[in-house]
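Trainee: The structure follows.
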Amino acid sequence: MAIMNTTYAKLFFTGLLAFVLNTSCSSDGNEIRNEEPQQIVDTHKFIALRNDGQLFEIGAESGKVTQSNKISGVVFNTIFNTLTTSTNTWWFYEQIYGPIQGFLYIKNRDEASSKRIPIELPEAVYGPSAGVISLDWYEDGQTLIGVVKDNIEAAHGIYRLIEINIETFEVTNYGEIEDLQVMQSTTLVDSNLYISSFSKANPEGFQFQVLNIIDKNLRTMNIPNTIAPPILLSHNTEENELFGFIRRADTNVIQAAYPIIFNPSLETYERLPLDIDISLINVFGKSYYDIKRKQHVALVATKEFYALLKHSVKTGKTTLIPLHDYGDLSSLINIIDVK
């Protein structure tokens, strides 16, 4: 029988603390919409994936949460930083224990069924309990770029850059990535893989790094006035900018954060104003970029409710949509698509 990944077990309980924030008000032009969901007609809905494969639809304007179908085969151990999408396909990875085996899940957006492909990581190459902890779709190469950890349960480990061929599902090892410990979030922009992680050299610190997947050059970026790098990353496909969240330094509340836009070229960020304090439901994985509507989307929490946070690239406005009927979501969930 599969057992729960201890990293995510801890995350589940810390996620419950997200509701102990104190609210604050301002008049910066951003919005908190709190209309009754039956009064709103949604033009589109976001798809959220829970760690056990259960899918939910979330009204983009109403915030109404509806349980959808379930991806067959998923047990409990979805690795959230492996959730990635190509034009028509979702991809993510789950690690099963007893015996250890990793699976790549593949789902076409327009089909109800999905595929479950075993991923072979030979012990002699990758380690005794190796697992994939990061995946990003590489558009130029039409392939999956990822990171494997030699012992997915251990606090420390050896990390290797890999590629998964989407036709044969063979894994290519591109060598070790040094100075990583706990990887929280990645996003691939062209050939640059942005990585938020703990530092192996400084276990109490954090690092924000960029790895060029072509020449394998790894560089650490300095972000002033922060206690940790941005996490829950996504990128605007039209501009050279990243969206994410930075932990707040002015509170002891676990997972309290604020949304930001990060400029990789200048290594600077802009804090996005909000009318209310928020915390993160899940601190592992990515946020979602809705290409059609040019907006970044993530699930967050306030003292009073779970919410859908949307940041419009076109208007610069950040909006919170309170969720309704969200009792089954849990803290192990992320947005994966829009319909």
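Letters for chains follow the order of the structure tokens (A, B, ...), residue numbers begin at 1 for each chain, and ligand numbers begin at 1 in the order shown.
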Would you please extract all strand (DSSP E) residues from segment 45-279 of chain A, as assigned by DSSP on the backbone, and give them as number ranges by chain?
Mentor: A: 45-50, 54-59, 65-70, 78-85, 89-96, 101-108, 115-119, 131-138, 143-149, 159-164, 171-177, 183-189, 192-198, 206-212, 218-221, 231-236, 241-247, 256-263, 268-271, 278-279
Trainee: Store the residues picked out above in a file with C-alpha atoms, as a tab-separated table (two decimals), in the first residue's frame.
Mentor:
```tsv
chain	number	residue	atom	x	y	z
A	45	LYS	CA	-13.64	27.92	-15.36
A	46	PHE	CA	-10.27	26.94	-13.96
A	47	ILE	CA	-9.31	23.31	-13.40
A	48	ALA	CA	-7.62	22.39	-10.12
A	49	LEU	CA	-5.87	19.10	-9.37
A	50	ARG	CA	-5.83	17.65	-5.85
A	54	GLN	CA	-9.41	14.50	-8.05
A	55	LEU	CA	-10.23	17.38	-10.40
A	56	PHE	CA	-12.32	20.44	-9.56
A	57	GLU	CA	-13.81	23.20	-11.68
A	58	ILE	CA	-13.70	26.72	-10.22
A	59	GLY	CA	-15.85	29.49	-11.66
A	65	VAL	CA	-16.24	24.99	-6.78
A	66	THR	CA	-17.60	21.85	-8.44
A	67	GLN	CA	-16.09	18.39	-8.15
A	68	SER	CA	-15.29	16.96	-11.58
A	69	ASN	CA	-13.85	13.61	-12.66
A	70	LYS	CA	-10.80	11.87	-11.19
A	78	THR	CA	1.36	13.97	-6.76
A	79	ILE	CA	4.54	16.05	-6.93
A	80	PHE	CA	3.06	19.49	-7.51
A	81	ASN	CA	6.13	21.07	-9.06
A	82	THR	CA	5.83	18.57	-11.91
A	83	LEU	CA	2.44	19.93	-13.05
A	84	THR	CA	3.08	21.41	-16.49
A	85	THR	CA	1.18	21.89	-19.73
A	89	THR	CA	-1.64	18.20	-22.84
A	90	TRP	CA	-1.22	18.11	-19.05
A	91	TRP	CA	1.76	16.33	-17.54
A	92	PHE	CA	2.55	15.46	-13.92
A	93	TYR	CA	4.46	12.90	-11.88
A	94	GLU	CA	3.56	10.77	-8.87
A	95	GLN	CA	5.91	8.75	-6.66
A	96	ILE	CA	4.55	5.46	-5.29
A	101	GLN	CA	7.99	3.50	-8.59
A	102	GLY	CA	7.39	6.78	-10.38
A	103	PHE	CA	4.63	7.39	-12.92
A	104	LEU	CA	4.14	10.12	-15.50
A	105	TYR	CA	0.49	11.03	-16.04
A	106	ILE	CA	-0.55	12.40	-19.42
A	107	LYS	CA	-3.93	13.90	-20.17
A	108	ASN	CA	-5.17	15.50	-23.37
A	115	LYS	CA	-2.31	7.68	-19.56
A	116	ARG	CA	-0.10	6.42	-16.73
A	117	ILE	CA	3.48	5.69	-17.82
A	118	PRO	CA	6.10	4.15	-15.48
A	119	ILE	CA	9.32	6.18	-15.46
A	131	GLY	CA	12.14	10.53	-7.95
A	132	VAL	CA	11.25	13.41	-10.26
A	133	ILE	CA	10.65	16.60	-8.27
A	134	SER	CA	10.33	19.09	-11.12
A	135	LEU	CA	8.97	19.08	-14.68
A	136	ASP	CA	8.54	21.91	-17.17
A	137	TRP	CA	7.41	21.78	-20.77
A	138	TYR	CA	10.17	22.90	-23.16
A	143	THR	CA	10.07	17.74	-24.60
A	144	LEU	CA	9.92	17.68	-20.81
A	145	ILE	CA	12.79	19.12	-18.78
A	146	GLY	CA	13.00	18.05	-15.16
A	147	VAL	CA	15.04	17.50	-12.02
A	148	VAL	CA	15.56	14.15	-10.27
A	149	LYS	CA	16.53	13.84	-6.61
A	159	TYR	CA	19.96	16.64	-7.93
A	160	ARG	CA	20.28	15.91	-11.63
A	161	LEU	CA	18.92	17.68	-14.69
A	162	ILE	CA	16.96	15.32	-16.93
A	163	GLU	CA	14.90	15.20	-20.10
A	164	ILE	CA	11.92	12.89	-20.66
A	171	VAL	CA	15.04	9.61	-19.37
A	172	THR	CA	18.28	11.37	-20.34
A	173	ASN	CA	20.63	12.39	-17.52
A	174	TYR	CA	22.38	15.75	-18.06
A	175	GLY	CA	24.39	15.69	-14.85
A	176	GLU	CA	24.30	17.00	-11.30
A	177	ILE	CA	22.97	20.41	-10.27
A	183	MET	CA	13.14	22.66	-4.48
A	184	GLN	CA	9.83	24.50	-4.16
A	185	SER	CA	9.06	25.98	-7.55
A	186	THR	CA	10.41	26.14	-11.10
A	187	THR	CA	9.41	27.68	-14.39
A	188	LEU	CA	11.11	27.36	-17.77
A	189	VAL	CA	11.40	30.48	-19.93
A	192	ASN	CA	16.35	29.29	-18.69
A	193	LEU	CA	15.03	27.24	-15.78
A	194	TYR	CA	14.23	29.48	-12.79
A	195	ILE	CA	14.51	27.61	-9.49
A	196	SER	CA	13.38	28.56	-5.99
A	197	SER	CA	15.01	26.35	-3.37
A	198	PHE	CA	16.77	26.04	-0.05
A	206	PHE	CA	16.93	30.21	0.40
A	207	GLN	CA	18.17	30.67	-3.13
A	208	PHE	CA	16.71	31.89	-6.39
A	209	GLN	CA	18.73	30.52	-9.28
A	210	VAL	CA	18.60	30.32	-13.05
A	211	LEU	CA	19.94	27.30	-14.90
A	212	ASN	CA	20.59	27.46	-18.63
A	218	LEU	CA	23.84	27.85	-12.97
A	219	ARG	CA	23.69	31.37	-11.57
A	220	THR	CA	22.32	32.67	-8.28
A	221	MET	CA	20.26	35.86	-8.42
A	231	ILE	CA	7.59	30.73	-5.24
A	232	LEU	CA	4.53	29.41	-7.10
A	233	LEU	CA	6.10	30.73	-10.28
A	234	SER	CA	4.50	31.23	-13.68
A	235	HIS	CA	5.61	33.29	-16.65
A	236	ASN	CA	4.01	35.64	-19.10
A	241	GLU	CA	8.62	38.55	-16.60
A	242	LEU	CA	7.67	36.07	-13.91
A	243	PHE	CA	4.75	36.03	-11.50
A	244	GLY	CA	4.97	34.54	-8.03
A	245	PHE	CA	4.68	35.09	-4.30
A	246	ILE	CA	7.23	36.25	-1.74
A	247	ARG	CA	6.94	35.40	1.93
A	256	ALA	CA	1.84	34.62	4.68
A	257	ALA	CA	2.89	36.11	1.35
A	258	TYR	CA	2.26	38.81	-1.23
A	259	PRO	CA	2.10	38.53	-5.04
A	260	ILE	CA	4.88	39.99	-7.17
A	261	ILE	CA	6.02	40.50	-10.75
A	262	PHE	CA	9.72	39.71	-11.20
A	263	ASN	CA	11.94	41.09	-13.96
A	268	THR	CA	14.04	43.36	-9.50
A	269	TYR	CA	10.43	42.84	-8.51
A	270	GLU	CA	7.24	44.84	-8.09
A	271	ARG	CA	4.95	44.07	-5.17
A	278	ILE	CA	-3.30	36.44	2.16
A	279	SER	CA	-1.40	33.24	2.78
```
Trainee: For the atom pair atom CA of Leu272 of chain A and atom CA of Gln181 of chain A, what is the interatomic distance in Å to one decimal place?
Mentor: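 A separation of 28.8 Å between them.
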Trainee: Given the choices A:Lys303, A:His44, A:Lys292, A:His156, which gets closest to Thr87 of chain A if the distance is worked out from only C-alpha atoms?
Mentor: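 Smallest separation from Thr87 of chain A among the options: A:Lys292.
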Trainee: List every residue of segment 90-311 of chain A that DSSP, applied to the backbone of this structure, assigns to alpha helix (DSSP H), and report them as a list in words.
Mentor: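 So, restricting segment 90-311 of chain A to alpha helix (DSSP H), we get Glu123, Ala124, Val125 and Tyr126 of chain A.
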Trainee: Keeping only N, CA and C atoms, write the selected residues to a file as a tab-separated table (two decimals), in the first residue's frame.
Mentor:
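And here is the file that came out, part_20.tsv:
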```tsv
chain	number	residue	atom	x	y	z
A	123	GLU	N	18.80	2.71	-10.32
A	123	GLU	CA	19.46	3.03	-9.06
A	123	GLU	C	20.94	3.35	-9.25
A	124	ALA	N	21.60	2.66	-10.17
A	124	ALA	CA	23.02	2.87	-10.39
A	124	ALA	C	23.32	4.28	-10.91
A	125	VAL	N	22.33	4.89	-11.56
A	125	VAL	CA	22.53	6.23	-12.13
A	125	VAL	C	21.98	7.32	-11.22
A	126	TYR	N	20.78	7.09	-10.67
A	126	TYR	CA	20.06	8.16	-9.99
A	126	TYR	C	19.99	8.01	-8.47
```
Trainee: Can you work out which one of A:Val41, A:Ile227, A:Ile214, A:Ala249 has the shortest atom-to-atom distance to Glu61 of chain A, counting only C-alpha atoms?
Mentor: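 Selected residue with least distance to Glu61 of chain A: A:Val41.
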Trainee: Find, counting only C-alpha atoms, the residue in A:Asp325, A:Glu238, A:Asp277, A:Asp337 that gets nearest to Asp290 of chain A.
Mentor: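 Going through A:Asp325, A:Glu238, A:Asp277, A:Asp337 one by one, the smallest distance to Asp290 of chain A is for A:Asp337.
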Trainee: Given only C-alpha atoms as the basis, pick out the residue of A:Ala307, A:Ile336, A:Val253, A:Leu280 nearest to Leu323 of chain A.
Mentor: A:Ala307
Trainee: Looking at only C-alpha atoms, which of A:Val313, A:Leu266, A:Ile254, A:Asp179 is the one that sits closest to Glu239 of chain A?
Mentor: A:Val313
